[in-house]
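Chemist: Questions regarding the structure given below will be posed in turn.
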Amino acid sequence: MSSEKRKIAYIDGKPYEIGPNHTSVLKFVESYLGEKKVPALCNDPNLAPYGACRVCSVEIALVKDGPTKVVASCHTPVGENQHIFTNNENLTALRKNIVELVLTDHPMECGTCEVNNNCELQDVANDLGISDHRYNVPKQHKGIPRDTSHDYMRMNLDNCINCGRCVRACDEIQGSFVLTMSGRGFESKITTDNDALFGDSSCVSCGACAHTCPTDAISDVYQSKSVAVDEKVRTTCSYCGVGCNLEASIKDNKVVAISTPKESEVNAGHTCIKGRYAFGFYDHPDRLKTPLIKRNGKFEEASWDEAYDFIKKELNRITKANGPDAVAGISSARCTNEENYVFQKMIRAAIGTNNIDCCARICHSPTAWGMQQTFGTGAATNSTEDIYHADLFMVIGANPTNAHPVTGAKIKQQVMKGKKLIVLDPITTELAKLADYHIKLRPGTNVAILNMMLHYILKANLYDKDFVRDRTEGFANFIKEIERQDMDHLAKVAGVDKQLVKEAAIAYATAKNSMEFHGLGVTEQEQGSKTVMLIADLAMITGNIGRRGVGVNPLRGQNNVQGAADMGCQPHQGAGYFEVADEKVQNFYTEKYGVVHPTKQGLKIPEMFDGAINKDVKAVWIIGEDIVQTDPNSAHVIDAMNSLELLVVQEIFMSETAKLATVVLPGTTFLEKNGTFTNTERRIQRVNRAVPPLPGTKTDGTIVTDMMQKLGFDQPEYDADQVLAEIADVVPFFKGVTRERLGKMGLQWPVQEDGTDTQILHQETFKLGKGQLKNFDWKESNEIAENKKDYPLILTTSRVLQHYNAATMTRRTKNINIVSEDLLLVHPNDAKKRELNTGDIGRLYSGRGEVALKVEVTDKVKEGIVFTTFHFPEHMVNMVTGHGKDEETMCAEYKVSSVEIQKISNQFKTVVEPKENQAELS
């Protein structure tokens with residue numbers, strides 16, 4: 001029992017204990033008596049206290065029966081022995097007077113208002129018994145035209161009450177500063193970017209302003225407050241690895257809007273343009289709605305039984321003639337944990353091969369491998385909540401405000417409040433503009449920069465001697481190798497100022513809590529795994545591991561990359577990361593699955609492609625991955641797919657990969673299924689079906705289970721909860737996971753048998769016992785070493801905020817109106833040499849192929865570097881990207897491709913076919 005004294009305050013004469021989250025009188029009262037007890041208009045629990053409207057006023061006495069003082073409860077701290085009075089004649093009169101003053105500048109036609117019966121102002125007025133007011137009506141807001149220029153939101157300033165919530169949401173949550181209050185008194189009003197139309201402003205369409213607005217001054221075109229919905233279903237977003245909680249509004253079995261619950265731990269009511277508005281793909285007319293079998297080069301509609309029987313016949317023929325290793329599977333990070341689990345189980349147990357992989361191979365496999373070598377566990381060490389406890393952020397090879405917008409906004413907010421920021425990136429990203437130290441390195445030189453930082457920290461004697469002594473191994477050799485590094489040489493190859501690197505290193509080492517985040521700019525390089533291990537070194541030698549506000553934190557690309565790998569969708573490790581080449585592990589899986597487990601380590605995705613071309617792999621089954629568009633060197637991928645005897649593709653749309661399939665099976669979206677996703681902070685969250693699967697489609701888990709049964713494997717009918725129970729039996733860190741325990745907030749693995757989860761890893765010890773310090777020399781990428789003469793520029797790629805990978809989902813929403821093409825960013829000096837101007841069409845080409853892209857000349861990119869996104873099949877940017885791979889994991893080297901640009905005609909051509917000799921080189 002705690003010896004700490006309980007602190008008590010009194011609400012209307014009754015004593016209540018003051019808790020750690022009771023930072024204000026209003027929060028204290030609401031936690032015990034509910035939100036309606038004290039009215040409020042300018043307050044939002046996810047915004048800083050503001051005290052503008054004073055409707056939340058209460059009376060406080062410091063001693064019982066002592067004199068009282070009227071205060072705004074939203075920003076007044078609750079204190080021990082306070083006597084709080086929430087309602088009496090004086091308070092009612094005060095509140096009525098305030099609300100009447102608000103109504104002097106507000107239309108009184110509630111009966112014809114769009115948000116009648118769903119308006120916070122109306123609720124407060126009704127609770128206070130106000131139907132009219134006693135004051136003259138000024139004409140400030142009357143007749144201001146409704147602004148309908150925005151794709152997703154509407155602005156109706158006639159109904160604005162100047163509470164400032166929208167401005168504060170834009171500032172405090174998103175950090176975009178688009179909205180502001182101009183004018184004084186009755187002349188004050190909300191404006192956007194110096195009175196620009198809402199649609200012409202710099203708004204990033206996160207919807208936070210509409211979400212917080214108490215009236216309909218700013219409203220959501222989908223989330224109409226006037227439309228009564230049948231139900232709201234809470235689920236988890238299927239876009240990036242942040243894993244935002246969403247709430248789907250259902251009307252007549254249709255999803256009509258997406259909102260965000262304010263109390264969620266992951267996103268606290270926030271989300272990005274994709275999560276809030278890009279849901280229309282789920283029932284788009286392009287959805288696949290029947291199985292298809294290709295006969296004589298053309299797809300023919302088939303029944304499910306026909307499709308299953310066809311696949312069974314072909315798989316049996318292939319395995320009988322060539323063995324099970326002639327078959328391979330590629331699973332999907334867009335599917336649930338349960339679906340990934342049963343798919344890898346089908347490939348291993350029903351077919352009999354370890355040839356199973358997923359998109360983690362081409363994004364974060366170096367993270368998992370590198371952190372397993374150094375820490376023993378290949379997952380984020382900390383929680384995103386720790387952002388609020390960090391003093392310095394180091395962001396390497398990531399653009400979180402675009403690719404992980406909610407996490408990016410949190411980092412941005414903390415930096416704007418004065419916390420330090422180091423960014424390693426060849427592109428001037430939004431965060432890089434705010435960075436104290438922007439190290440604009442050349443792609444492929446991460447190892448060089450990290451060796452420099454480690455060198456400067458050790459030379460300055462700034463390493464944590466106690467942590468190094470007690471919790472790491474290999475320091476003697478490590479320090480010897482790091483100290484011999486040549487700073488001038490490394491600075492030259494990376495193209496950076498060594499003094500800037502030194503200052504950044506010292507800042508990282510001397511901050512109380514330094515928190516690292518990295519993305520695909522780290523992993524998608526030839527030395528990706530080595531980079532991850534050096535990042536781990538940096539955290540260990542400075543003691544930035546195992547506590548709040550620190551750690552090594554990968555930003556997972558897709559929503560369930562972490563989960564797909566956890567479930568065993570990789571060729572060398574089964575569910576729970578057990579090595580499949582180990583005989584004890586094989587026996588373990590044999591016992592769990594009821595059939596003899598395959599012993600030979602399987603093929604990674606690039607090896608599957610090579611195996612298909614070499615005719616060793618005859619059949620591939622792909623779920624939800626458009627590898628033709630998203631994997632590098634597209635011509636090579638197409639060649640591999642065309643070399644197969646059987647290609648089965650489960651998809652929701654006819655993707656570039658599905659077009660090459662033998663059989664296409666129509667799966668479902670996340671809105672049509674139950675299960676779980678695991679986000680970038682190891683948080684397992686529920687996915688709840690919002691609507692039934694479209695007629696003719698089946699959930700991906702059901703399809704796989706049906707096929708397992710067709711193949712003669714005794715797998716029960718698909719039920720996500722039952723599969724989760726099986727996962728908990730097989731995967732040690734899911735031991736205590738049940739759907740009920742996950743609740744609304746989820747749990748972070750490892751989850752103990754009693755349901756206790758883990759927010760921070762490696763607090764006392766590493767899974768390896770002690771952390772392993774590694775050292776590596778930088779070396780030039782083979783891609784550059786072999787191609788620099790003919791292709792002197794380096795192409796690096798990334799996402800844009802409005803779209804997601806191949807854009808199969810987002811381009812089937814109105815987002816396409818915002819960003820409708822991939823652009824090629826070129827430095828002014830590089831553009832001048834090639835006579836390129838903004839708006840020109842450039843021929844971007846390499847030894848693999850070529851594409852035509854519109855050029856934007858900008859100093860956002862480092863000289864010698866060009867940048868583009870990869871969202872549109874019209875462009876097929878991956879015709880150009882390289883064949884290089886991370887040395888340990890075969891992760892594709894998207895971030896370092898040797899290219900050249902040539903100006904072509906201004907008549908835009910979507911795709912320039914590769915030359916014959918270039919196709920041969922593929």
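By order of appearance in the structure tokens: chains A, B, ..., then residues from 1 within every chain, and ligands from 1 in the order shown.
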Can you list, as a CSV table (one decimal) with N, CA and C atoms, in the first residue's frame, every protein, DNA or RNA residue that comes within 7 Å of Glu651 (chain A) when you count only C-alpha atoms, leaving out same-chain residues fewer than 6 positions away?
Modeler:
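File out-v1.csv, as written:
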```csv
chain,number,residue,atom,x,y,z
A,623,ILE,N,-1.4,-12.0,-51.9
A,623,ILE,CA,-2.5,-11.4,-51.3
A,623,ILE,C,-2.2,-9.9,-51.2
A,624,GLY,N,-3.1,-9.1,-51.9
A,624,GLY,CA,-3.1,-7.6,-51.6
A,624,GLY,C,-1.8,-6.9,-51.9
A,665,LEU,N,-9.0,-13.6,-57.2
A,665,LEU,CA,-10.0,-13.8,-56.2
A,665,LEU,C,-10.3,-12.5,-55.5
A,666,PRO,N,-11.6,-12.1,-55.5
A,666,PRO,CA,-12.0,-10.8,-54.9
A,666,PRO,C,-12.0,-10.8,-53.4
A,667,GLY,N,-11.1,-10.1,-52.7
A,667,GLY,CA,-11.1,-10.0,-51.3
A,667,GLY,C,-11.9,-8.8,-50.8
```
Chemist: DSSP on the backbone, then: every residue of region 222-370 of chain A marked alpha helix (DSSP H), written as a PyMOL selection string.
Modeler: chain A and resi 273-277+304-322+337-345+365-370
Chemist: Take the selection from the previous step and output its residues with C-alpha atoms, as a compact mmCIF listing (two decimals), in the first residue's frame.
Modeler:
```txt
# COMPACT_ATOMS: atom_id res chain seq x y z
CA ILE A 273 -6.55 13.25 -44.99
CA LYS A 274 -6.35 9.54 -45.90
CA GLY A 275 -7.73 8.17 -42.66
CA ARG A 276 -10.61 10.66 -42.45
CA TYR A 277 -11.60 11.10 -46.07
CA TRP A 304 -15.90 -19.69 -56.06
CA ASP A 305 -15.93 -23.49 -56.26
CA GLU A 306 -14.69 -23.37 -59.86
CA ALA A 307 -11.84 -21.09 -58.86
CA TYR A 308 -10.90 -23.19 -55.82
CA ASP A 309 -11.02 -26.43 -57.81
CA PHE A 310 -8.89 -24.91 -60.57
CA ILE A 311 -6.26 -23.73 -58.07
CA LYS A 312 -6.30 -27.09 -56.26
CA LYS A 313 -5.79 -29.00 -59.50
CA GLU A 314 -2.90 -26.77 -60.57
CA LEU A 315 -1.20 -26.79 -57.15
CA ASN A 316 -1.47 -30.58 -56.93
CA ARG A 317 -0.06 -30.93 -60.45
CA ILE A 318 2.84 -28.58 -59.72
CA THR A 319 3.76 -30.03 -56.31
CA LYS A 320 3.49 -33.62 -57.58
CA ALA A 321 5.88 -32.90 -60.44
CA ASN A 322 8.25 -30.46 -58.74
CA ASN A 337 -2.85 -10.48 -38.17
CA GLU A 338 -5.27 -13.37 -38.30
CA GLU A 339 -5.29 -13.45 -42.10
CA ASN A 340 -1.52 -13.28 -42.31
CA TYR A 341 -1.26 -16.08 -39.78
CA VAL A 342 -3.57 -18.47 -41.64
CA PHE A 343 -1.88 -17.67 -44.97
CA GLN A 344 1.61 -18.52 -43.73
CA LYS A 345 0.09 -21.60 -42.10
CA SER A 365 13.34 -6.23 -42.95
CA PRO A 366 16.71 -4.52 -42.24
CA THR A 367 15.16 -2.95 -39.12
CA ALA A 368 13.97 -6.30 -37.80
CA TRP A 369 17.23 -8.05 -38.62
CA GLY A 370 19.50 -5.26 -37.38
```
Chemist: So that I can see what lies close to Glu887 (chain A), please list as a ChimeraX atom specification the residues with an atom at most 8 Å from it, counting only C-alpha atoms and leaving out residues fewer than 2 positions away in the same chain.
Modeler: /A:526-529,885,889-890
Chemist: Within region 380-533 of chain A, find each residue whose DSSP state, derived from the backbone, is strand (DSSP E or B), and express the selection as a ChimeraX atom specification.
Modeler: /A:392-396,420-424,427,437-439,472-473,514-518
Chemist: Excluding region 550-565 of chain A and residues on its chain fewer than 6 positions from it, collect all residues at most 8 Å away from it, counting only C-alpha atoms, and give them as number ranges by chain.
Modeler: A: 237-243, 331-337, 340-341, 358-360, 363-364, 367, 379-382, 386, 390, 398, 400, 403-404, 513-520, 535-536, 539, 544, 575, 577, 677-682
Chemist: Since we have the selection now, will you write its residues out, keeping C-alpha atoms, as a short mmCIF file (atom, residue, chain, number, x, y, z; two decimals), in the first residue's frame?
Modeler:
```
data_model
loop_
_atom_site.label_atom_id
_atom_site.label_comp_id
_atom_site.auth_asym_id
_atom_site.auth_seq_id
_atom_site.Cartn_x
_atom_site.Cartn_y
_atom_site.Cartn_z
CA CYS A 237 -7.07 2.62 -40.03
CA SER A 238 -5.58 0.52 -42.82
CA TYR A 239 -3.17 3.10 -44.23
CA CYS A 240 0.15 3.79 -42.47
CA GLY A 241 1.80 2.23 -39.43
CA VAL A 242 0.51 4.85 -36.96
CA GLY A 243 -2.67 2.79 -36.54
CA SER A 331 1.25 -12.01 -47.94
CA SER A 332 -0.04 -8.53 -47.23
CA ALA A 333 0.55 -5.93 -44.53
CA ARG A 334 -2.89 -4.59 -45.41
CA CYS A 335 -4.49 -7.78 -44.13
CA THR A 336 -5.13 -8.52 -40.46
CA ASN A 337 -2.85 -10.48 -38.17
CA ASN A 340 -1.52 -13.28 -42.31
CA TYR A 341 -1.26 -16.08 -39.78
CA CYS A 358 5.53 -10.18 -47.27
CA CYS A 359 6.12 -6.53 -48.07
CA ALA A 360 8.21 -6.16 -44.91
CA CYS A 363 10.61 -1.94 -46.35
CA HIS A 364 11.67 -2.82 -42.80
CA THR A 367 15.16 -2.95 -39.12
CA ALA A 379 10.57 -3.87 -32.99
CA ALA A 380 10.16 -0.31 -31.73
CA THR A 381 11.62 0.03 -28.26
CA ASN A 382 9.24 2.77 -27.12
CA ASP A 386 7.14 8.99 -25.33
CA ALA A 390 11.76 13.37 -25.21
CA ALA A 398 11.86 9.50 -42.88
CA PRO A 400 6.70 11.49 -40.99
CA ALA A 403 4.10 9.27 -44.48
CA HIS A 404 3.04 9.01 -40.80
CA ASN A 513 16.30 12.08 -23.43
CA SER A 514 17.09 11.52 -27.12
CA MET A 515 14.50 9.68 -29.19
CA GLU A 516 15.27 8.27 -32.63
CA PHE A 517 12.85 7.59 -35.51
CA HIS A 518 13.82 6.09 -38.84
CA GLY A 519 12.09 5.14 -42.06
CA LEU A 520 12.77 3.62 -45.43
CA ILE A 535 21.59 3.52 -34.84
CA ALA A 536 21.27 0.92 -32.08
CA ALA A 539 21.31 4.69 -28.51
CA ASN A 544 19.14 6.25 -24.61
CA ALA A 575 5.03 -17.07 -36.27
CA TYR A 577 10.11 -15.13 -34.92
CA PHE A 677 -3.65 -4.86 -36.75
CA THR A 678 -0.32 -4.22 -34.97
CA ASN A 679 1.02 -0.71 -35.38
CA THR A 680 4.52 0.71 -35.35
CA GLU A 681 4.65 0.87 -31.52
CA ARG A 682 3.73 -2.84 -31.18
#
```
Chemist: Counting only C-alpha atoms, what is within 10 Å of region 14-31 of chain A, bar same-chain residues fewer than 3 positions away, as a PyMOL selection string?
Modeler: chain A and resi 6-11+34-40+43+45+49+56-58+60+71-86
Chemist: For those residues, write N, CA and C atoms to a file as a JSON list (two decimals), in the first residue's frame.
Modeler:
```json
[["chain", "number", "residue", "atom", "x", "y", "z"],
["A", 6, "ARG", "N", -3.19, 10.70, 0.20],
["A", 6, "ARG", "CA", -4.24, 10.97, -0.78],
["A", 6, "ARG", "C", -4.68, 12.42, -0.67],
["A", 7, "LYS", "N", -4.79, 13.07, -1.85],
["A", 7, "LYS", "CA", -5.22, 14.46, -1.86],
["A", 7, "LYS", "C", -6.70, 14.52, -2.23],
["A", 8, "ILE", "N", -7.43, 15.29, -1.45],
["A", 8, "ILE", "CA", -8.88, 15.35, -1.60],
["A", 8, "ILE", "C", -9.31, 16.77, -1.94],
["A", 9, "ALA", "N", -10.28, 16.86, -2.85],
["A", 9, "ALA", "CA", -10.99, 18.12, -3.08],
["A", 9, "ALA", "C", -12.48, 17.80, -3.05],
["A", 10, "TYR", "N", -13.30, 18.82, -2.93],
["A", 10, "TYR", "CA", -14.74, 18.62, -2.73],
["A", 10, "TYR", "C", -15.53, 19.21, -3.89],
["A", 11, "ILE", "N", -16.46, 18.41, -4.40],
["A", 11, "ILE", "CA", -17.35, 18.88, -5.45],
["A", 11, "ILE", "C", -18.77, 18.93, -4.87],
["A", 34, "GLY", "N", -19.14, 13.52, -14.98],
["A", 34, "GLY", "CA", -19.51, 13.52, -16.40],
["A", 34, "GLY", "C", -19.35, 14.87, -17.05],
["A", 35, "GLU", "N", -19.36, 14.87, -18.39],
["A", 35, "GLU", "CA", -19.10, 16.09, -19.16],
["A", 35, "GLU", "C", -20.21, 17.12, -19.05],
["A", 36, "LYS", "N", -21.42, 16.69, -18.81],
["A", 36, "LYS", "CA", -22.56, 17.62, -18.82],
["A", 36, "LYS", "C", -22.68, 18.44, -17.54],
["A", 37, "LYS", "N", -21.93, 18.06, -16.49],
["A", 37, "LYS", "CA", -22.09, 18.72, -15.20],
["A", 37, "LYS", "C", -21.73, 20.21, -15.28],
["A", 38, "VAL", "N", -20.65, 20.51, -15.97],
["A", 38, "VAL", "CA", -20.23, 21.90, -16.16],
["A", 38, "VAL", "C", -20.23, 22.19, -17.66],
["A", 39, "PRO", "N", -21.03, 23.12, -18.15],
["A", 39, "PRO", "CA", -21.06, 23.41, -19.59],
["A", 39, "PRO", "C", -19.76, 24.07, -20.04],
["A", 40, "ALA", "N", -19.44, 23.92, -21.30],
["A", 40, "ALA", "CA", -18.23, 24.54, -21.85],
["A", 40, "ALA", "C", -18.41, 24.69, -23.35],
["A", 43, "ASN", "N", -13.84, 24.69, -24.81],
["A", 43, "ASN", "CA", -12.98, 23.62, -24.32],
["A", 43, "ASN", "C", -13.04, 22.38, -25.22],
["A", 45, "PRO", "N", -10.96, 18.49, -24.92],
["A", 45, "PRO", "CA", -10.00, 17.77, -24.08],
["A", 45, "PRO", "C", -8.64, 17.56, -24.73],
["A", 49, "PRO", "N", -5.90, 24.26, -22.34],
["A", 49, "PRO", "CA", -6.93, 25.13, -21.75],
["A", 49, "PRO", "C", -6.82, 26.55, -22.31],
["A", 56, "CYS", "N", -17.71, 27.76, -18.58],
["A", 56, "CYS", "CA", -17.37, 26.69, -17.63],
["A", 56, "CYS", "C", -17.07, 27.23, -16.22],
["A", 57, "SER", "N", -17.40, 28.47, -15.96],
["A", 57, "SER", "CA", -17.09, 29.07, -14.65],
["A", 57, "SER", "C", -17.72, 28.29, -13.50],
["A", 58, "VAL", "N", -16.97, 28.17, -12.43],
["A", 58, "VAL", "CA", -17.44, 27.57, -11.18],
["A", 58, "VAL", "C", -17.01, 28.48, -10.03],
["A", 60, "ILE", "N", -15.13, 28.59, -6.29],
["A", 60, "ILE", "CA", -14.19, 27.82, -5.48],
["A", 60, "ILE", "C", -13.96, 28.53, -4.15],
["A", 71, "VAL", "N", -14.15, 31.27, -11.11],
["A", 71, "VAL", "CA", -13.00, 31.02, -11.98],
["A", 71, "VAL", "C", -13.46, 30.18, -13.19],
["A", 72, "ALA", "N", -12.72, 30.28, -14.27],
["A", 72, "ALA", "CA", -12.94, 29.40, -15.42],
["A", 72, "ALA", "C", -12.33, 28.03, -15.09],
["A", 73, "SER", "N", -13.16, 27.02, -15.02],
["A", 73, "SER", "CA", -12.69, 25.72, -14.53],
["A", 73, "SER", "C", -11.75, 25.02, -15.51],
["A", 74, "CYS", "N", -11.78, 25.40, -16.80],
["A", 74, "CYS", "CA", -10.98, 24.68, -17.80],
["A", 74, "CYS", "C", -9.48, 24.90, -17.61],
["A", 75, "HIS", "N", -9.08, 26.06, -17.08],
["A", 75, "HIS", "CA", -7.64, 26.30, -16.93],
["A", 75, "HIS", "C", -7.23, 26.60, -15.49],
["A", 76, "THR", "N", -8.13, 26.40, -14.55],
["A", 76, "THR", "CA", -7.79, 26.58, -13.14],
["A", 76, "THR", "C", -7.33, 25.24, -12.57],
["A", 77, "PRO", "N", -6.13, 25.16, -12.02],
["A", 77, "PRO", "CA", -5.65, 23.89, -11.47],
["A", 77, "PRO", "C", -6.49, 23.46, -10.27],
["A", 78, "VAL", "N", -6.76, 22.18, -10.16],
["A", 78, "VAL", "CA", -7.45, 21.66, -9.00],
["A", 78, "VAL", "C", -6.44, 21.53, -7.87],
["A", 79, "GLY", "N", -6.82, 21.86, -6.66],
["A", 79, "GLY", "CA", -5.91, 21.83, -5.54],
["A", 79, "GLY", "C", -6.50, 21.13, -4.33],
["A", 80, "GLU", "N", -5.64, 20.69, -3.45],
["A", 80, "GLU", "CA", -6.06, 19.96, -2.26],
["A", 80, "GLU", "C", -6.97, 20.84, -1.40],
["A", 81, "ASN", "N", -8.03, 20.23, -0.91],
["A", 81, "ASN", "CA", -9.01, 20.86, 0.00],
["A", 81, "ASN", "C", -9.83, 21.98, -0.65],
["A", 82, "GLN", "N", -9.76, 22.09, -1.96],
["A", 82, "GLN", "CA", -10.64, 23.06, -2.62],
["A", 82, "GLN", "C", -12.10, 22.61, -2.47],
["A", 83, "HIS", "N", -12.99, 23.57, -2.32],
["A", 83, "HIS", "CA", -14.42, 23.30, -2.31],
["A", 83, "HIS", "C", -15.00, 23.92, -3.59],
["A", 84, "ILE", "N", -15.40, 23.04, -4.50],
["A", 84, "ILE", "CA", -15.84, 23.46, -5.83],
["A", 84, "ILE", "C", -17.36, 23.39, -5.91],
["A", 85, "PHE", "N", -17.96, 24.49, -6.35],
["A", 85, "PHE", "CA", -19.41, 24.53, -6.50],
["A", 85, "PHE", "C", -19.73, 24.68, -7.99],
["A", 86, "THR", "N", -20.43, 23.69, -8.51],
["A", 86, "THR", "CA", -20.63, 23.62, -9.96],
["A", 86, "THR", "C", -21.91, 24.29, -10.42]]
```
Chemist: Against region 790-793 of chain A, which residues of region 712-786 of chain A fall within 10 Å? For each one I want the closest pair of atoms and the distance in Å (one decimal), counting only C-alpha atoms, rows by chain and increasing residue number, as CSV.
Modeler:
```
residue,atom,partner,partner_atom,distance
A:Glu783,CA,A:Tyr791,CA,9.9
A:Ile784,CA,A:Pro792,CA,8.2
A:Glu786,CA,A:Asp790,CA,9.1
```
Chemist: Save the residues we just selected, C-alpha atoms, as a CSV table (one decimal), in the first residue's frame?
Modeler:
```
chain,number,residue,atom,x,y,z
A,783,GLU,CA,24.5,0.8,-57.9
A,784,ILE,CA,26.5,4.0,-57.9
A,786,GLU,CA,28.9,0.5,-61.5
```
Chemist: Tell me which of A:Glu591, A:Asp436, A:Asp777, A:Asp325 sits closest to Glu483 (chain A), counting only C-alpha atoms.
Modeler: A:Asp777
